[in-house]
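Visitor: Could you have a look at this structure, given as structure tokens, before my questions?
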Amino acid sequence: MLKINELKWYVGIPLSISTSMMLLIAFPPYNLNILGFIALIPIYFIAYTQNLKRTFLYGLLSSFLFYCLYLFWMNAYLAIVGVSFVTVVYGGYFLISLLITNIVSKAFPKYRAFLTPFIYLSIEYIKSFRFLGFTFGSIGYTQHNFPIFIQIADIGGEPLVAFIIVLFNASLAHIIAQAVMGEIPGKLPTIMINRARTGKIKHQVFENPKWRRFLNFKTIPLITAVLLMCFSFIYGNFQLNRPIPKTPKLKLALIQGLSSPRTKWKDEKWKTLERLMKLTHEAYSEDPDIDLFVWTETAIRTSLRPNFIYGTPYHMRIKYLVKNLKTYFVIGSPDNYLASNRENPNPESLEAIYPTKESEEIWTNSAYFLNTDGEIIGKYDKIKLTPFGEHFPLGKYIPFLQKILDKFTDSAGFTPGNEYTVFHHNPLSFSVVICWEGTYGYFIRKFIKNGADFIINISNDMWTKSRAGHYEHFTITKFRAIENRIWYARAGNDGVTAIINPYGIVVKELPIQKAGYLIGEVGPRARETFYTKHGDILPILSVIIMSIGLFSSIYLLVQTEKLQNKKGR
């Protein structure tokens with residue numbers, strides 16, 4: 001095996017920390033996106049040159065430090081216990097990618113720069129699924145304010161952007177590793193097993209002719225990365241100069257109502273309703289031709305559907321407002337059912353709506369679509385619930401842990417929906433997604449495939465109490481617009497409320513943490529994209545390549561170790 005020089009701790013620790021800090025500053029709210037192209041070089045240099053133990057220790061420091069600082073705002077509802085948990089979980093994913101990179105780079109040193117982005121994408125893709133699924137922190141999102149570069153997301157989604165960035169980082173780390181560790185330019189040793197005759201390890205040396213000295217295994221990855229970046233710029237320039245269809249269109253009014261999740265609803269509800277109604281009337285006075293008003297996630301924190309039927313004074317005021325303005329509304333509010341009637345609830349039966357204490361009750365985080373008569377004509381139940389904030393799937397099996405979470409967090413027992421709903425509002429169709437659902441590319445794609453022309457994202461990030469939390473969440477959604485070439489309207493309880501065009505460019509935006517409204521127009525899909533049609537081909541391919549590379553590497557390294565031991569005896 002290749003002899004590895006060990007880094008001194010006073011070199012390894014600063015390298016690890018430098019990756020964490022450059023990554024942090026590359027993301028919102030700092031937005032120094034250029035650092036994304038060099039942030040991973042120090043940690044990949046370590047992964048390429050150090051043994052597995054040292055890669056683990058330095059990778060542990062780098063990944064945990066980054067996620068601890070990047071997700072500090074989760075302390076607002078998860079407390080210290082929760083922040084420690086998410087740091088370990090999501091930092092652990094990145095650490096695993098570094099360990100796999102270390103193993104593969106030892107077996108296939110020539111190809112490590114090419115294999116590294118596949119490993120990175122594989123782990124990020126796996127990280128985005130199941131009940132702890134999370135897309136925050138993927139390096140492609142650092143480029144949200146670099147529109148000419150990220151237009152290729154309509155081909156391969158954000159993962160394609162991340163692939164190019166990681167390849168560039170890995171290529172430079174690959175070159176630096178060879179230079180620093182004393183490898184001869186133009187010659188690269190590789191571990192090979194001669195099993196046919198001698199059973200000994202051979203070190204094959206590749207001699208490059210002078211005219212090909214520049215095009216060797218040291219520089220080809222970097223050249224490839226640069227060519228991909230050039231293609232991105234050319235493609236981006238072409239896309240940004242293509243016209244966006246102007247008709248048909250709908251005029252939206254997004255209401256940023258500041259409904260505080262920190263106060264008791266009984267104390268807050270009338271003040272919140274008055275504020276929502278006042279802002280709605282102001283928007284209508286400014287432009288009576290509004291086609292759709294949008295109130296944010298949990299703008300109303302009591303179930304809208306049963307209370308509309310029951311006719312409470314509070315909910316009748318909302319119904320009266322809708323009928324008075326003669327305009328369609330989208331309103332975020334929970335819904336509840338009897339468990340036995342979850343599939344086919346009878347809206348006329350109050351017994352089905354208001355369970356007794358002995359009945360099992362199911363709650364959903366929902367978005368209601370109301371017509372001009374104040375009638376509910378459609379509803380979407382949130383499918384991808386926020387872990388610990390809206391559900392804890394293991395609570396039934398680990399009740400003591402559920403009690404701890406209930407004590408330290410605002411965890412609620414919501415049940416996920418199961419239908420990718422599309423609402424029809426002549427002349428366009430749209431879907432509503434709730435909060436973090438907008439951060440999953442493969443998820444939004446399903447609504448577009450179902451026929452949605454544009455997306456409305458209602459959200460409530462007020463609990464984060466930080467600018468970082470708001471903008472880390474918001475900027476991710478720009479990629480959803482590009483990936484599907486759609487208009488993306490986002491209504492945030494205290495921000496970020498904005499309208500994004502099919503190029504991922506923010507057309508209008510409200511200041512965060514202030515009550516207000518935003519009036520803007522949205523239109524049809526600009527065009528069908530390769531990503532909408534085919535989905536996450538690149539991440540799936542990456543998982544296959546990583547799996548083959550990892551198992552092959554383990555086999556080669558084990559066989560090499562056996563031969564070395566045999567030779568030693």
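The way I read the labels, and the way they are meant: chains A, B, ... in the order of the structure tokens, residue 1 as the first residue of every chain, and ligand 1 as the first ligand shown, with later ones counted on from there.
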Ser97 of chain A: which residues within 12 Å, counting only C-alpha atoms, same-chain residues fewer than 3 positions away excluded, as a PyMOL selection string?
Guide: chain A and resi 43-44+47+55-56+59-60+63+90-94+100-105+115-127+543+546-547+550
Visitor: Got time to write the residues from that selection, C-alpha atoms, as a compact mmCIF listing (two decimals), in the first residue's frame?
Guide:
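Just written: result.txt:
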```txt
# COMPACT_ATOMS: atom_id res chain seq x y z
CA ILE A 43 -10.91 18.16 4.16
CA TYR A 44 -10.51 16.23 0.89
CA ALA A 47 -9.18 12.22 3.15
CA THR A 55 -9.76 11.01 8.45
CA PHE A 56 -12.42 10.07 10.99
CA GLY A 59 -13.71 14.75 9.53
CA LEU A 60 -15.61 14.53 12.81
CA SER A 63 -18.53 18.10 9.86
CA TYR A 90 -26.45 15.40 9.66
CA GLY A 91 -22.78 15.93 10.45
CA GLY A 92 -22.56 12.15 10.54
CA TYR A 93 -23.72 11.88 6.93
CA PHE A 94 -20.90 14.12 5.73
CA ILE A 100 -15.84 6.32 2.04
CA THR A 101 -13.76 8.80 0.06
CA ASN A 102 -10.71 7.84 2.12
CA ILE A 103 -11.22 4.12 1.49
CA VAL A 104 -11.87 4.50 -2.23
CA SER A 105 -8.94 6.88 -2.73
CA LEU A 115 -15.18 9.28 -7.66
CA THR A 116 -15.44 11.87 -4.88
CA PRO A 117 -18.43 13.85 -6.28
CA PHE A 118 -20.35 10.60 -6.83
CA ILE A 119 -19.75 9.69 -3.19
CA TYR A 120 -20.82 13.15 -2.04
CA LEU A 121 -24.04 13.09 -4.07
CA SER A 122 -24.89 9.57 -2.92
CA ILE A 123 -24.76 10.48 0.74
CA GLU A 124 -26.66 13.75 0.21
CA TYR A 125 -29.33 11.87 -1.71
CA ILE A 126 -29.68 9.23 1.00
CA LYS A 127 -29.77 12.02 3.60
CA VAL A 543 -25.38 5.59 -5.42
CA MET A 546 -20.37 4.62 -4.90
CA SER A 547 -21.57 1.13 -3.95
CA LEU A 550 -16.73 1.01 -2.04
```
Visitor: Give me the residues within 8 Å of segment 446-451 of chain A as a PDB file with N, CA and C atoms, in the first residue's frame, counting only C-alpha atoms and dropping any in the same chain fewer than 6 places off.
Guide:
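Listed below is the output, selection16.pdb:
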```pdb
ATOM      1  N   TYR A 420     -50.803  13.953  -3.709  1.00  0.00           N
ATOM      2  CA  TYR A 420     -50.122  15.096  -4.325  1.00  0.00           C
ATOM      3  C   TYR A 420     -51.178  15.941  -5.043  1.00  0.00           C
ATOM      4  N   THR A 421     -51.842  16.784  -4.259  1.00  0.00           N
ATOM      5  CA  THR A 421     -53.039  17.493  -4.700  1.00  0.00           C
ATOM      6  C   THR A 421     -52.719  18.623  -5.678  1.00  0.00           C
ATOM      7  N   VAL A 422     -53.544  18.753  -6.684  1.00  0.00           N
ATOM      8  CA  VAL A 422     -53.460  19.872  -7.630  1.00  0.00           C
ATOM      9  C   VAL A 422     -54.802  20.594  -7.623  1.00  0.00           C
ATOM     10  N   SER A 429     -53.507  25.796 -13.096  1.00  0.00           N
ATOM     11  CA  SER A 429     -53.581  24.853 -11.984  1.00  0.00           C
ATOM     12  C   SER A 429     -52.346  25.039 -11.105  1.00  0.00           C
ATOM     13  N   PHE A 430     -52.503  24.768  -9.820  1.00  0.00           N
ATOM     14  CA  PHE A 430     -51.373  24.956  -8.915  1.00  0.00           C
ATOM     15  C   PHE A 430     -51.446  23.945  -7.778  1.00  0.00           C
ATOM     16  N   SER A 431     -50.323  23.785  -7.099  1.00  0.00           N
ATOM     17  CA  SER A 431     -50.267  22.962  -5.896  1.00  0.00           C
ATOM     18  C   SER A 431     -49.734  23.797  -4.754  1.00  0.00           C
ATOM     19  N   ASN A 484     -37.924  22.910 -12.534  1.00  0.00           N
ATOM     20  CA  ASN A 484     -39.167  22.621 -13.259  1.00  0.00           C
ATOM     21  C   ASN A 484     -39.617  23.759 -14.160  1.00  0.00           C
ATOM     22  N   THR A 532     -37.739  17.487 -14.710  1.00  0.00           N
ATOM     23  CA  THR A 532     -39.137  17.151 -14.428  1.00  0.00           C
ATOM     24  C   THR A 532     -39.504  15.808 -15.045  1.00  0.00           C
ATOM     25  N   LYS A 533     -39.018  15.575 -16.242  1.00  0.00           N
ATOM     26  CA  LYS A 533     -39.383  14.362 -16.969  1.00  0.00           C
ATOM     27  C   LYS A 533     -38.696  13.120 -16.419  1.00  0.00           C
TER      28      LYS A 533
END
```
Visitor: Give the alpha helix (DSSP H) residues of segment 408-549 of chain A, as DSSP finds them on the backbone, and put them as a ChimeraX atom specification.
Guide: /A:408,441-449,467-484,530-534,537-549
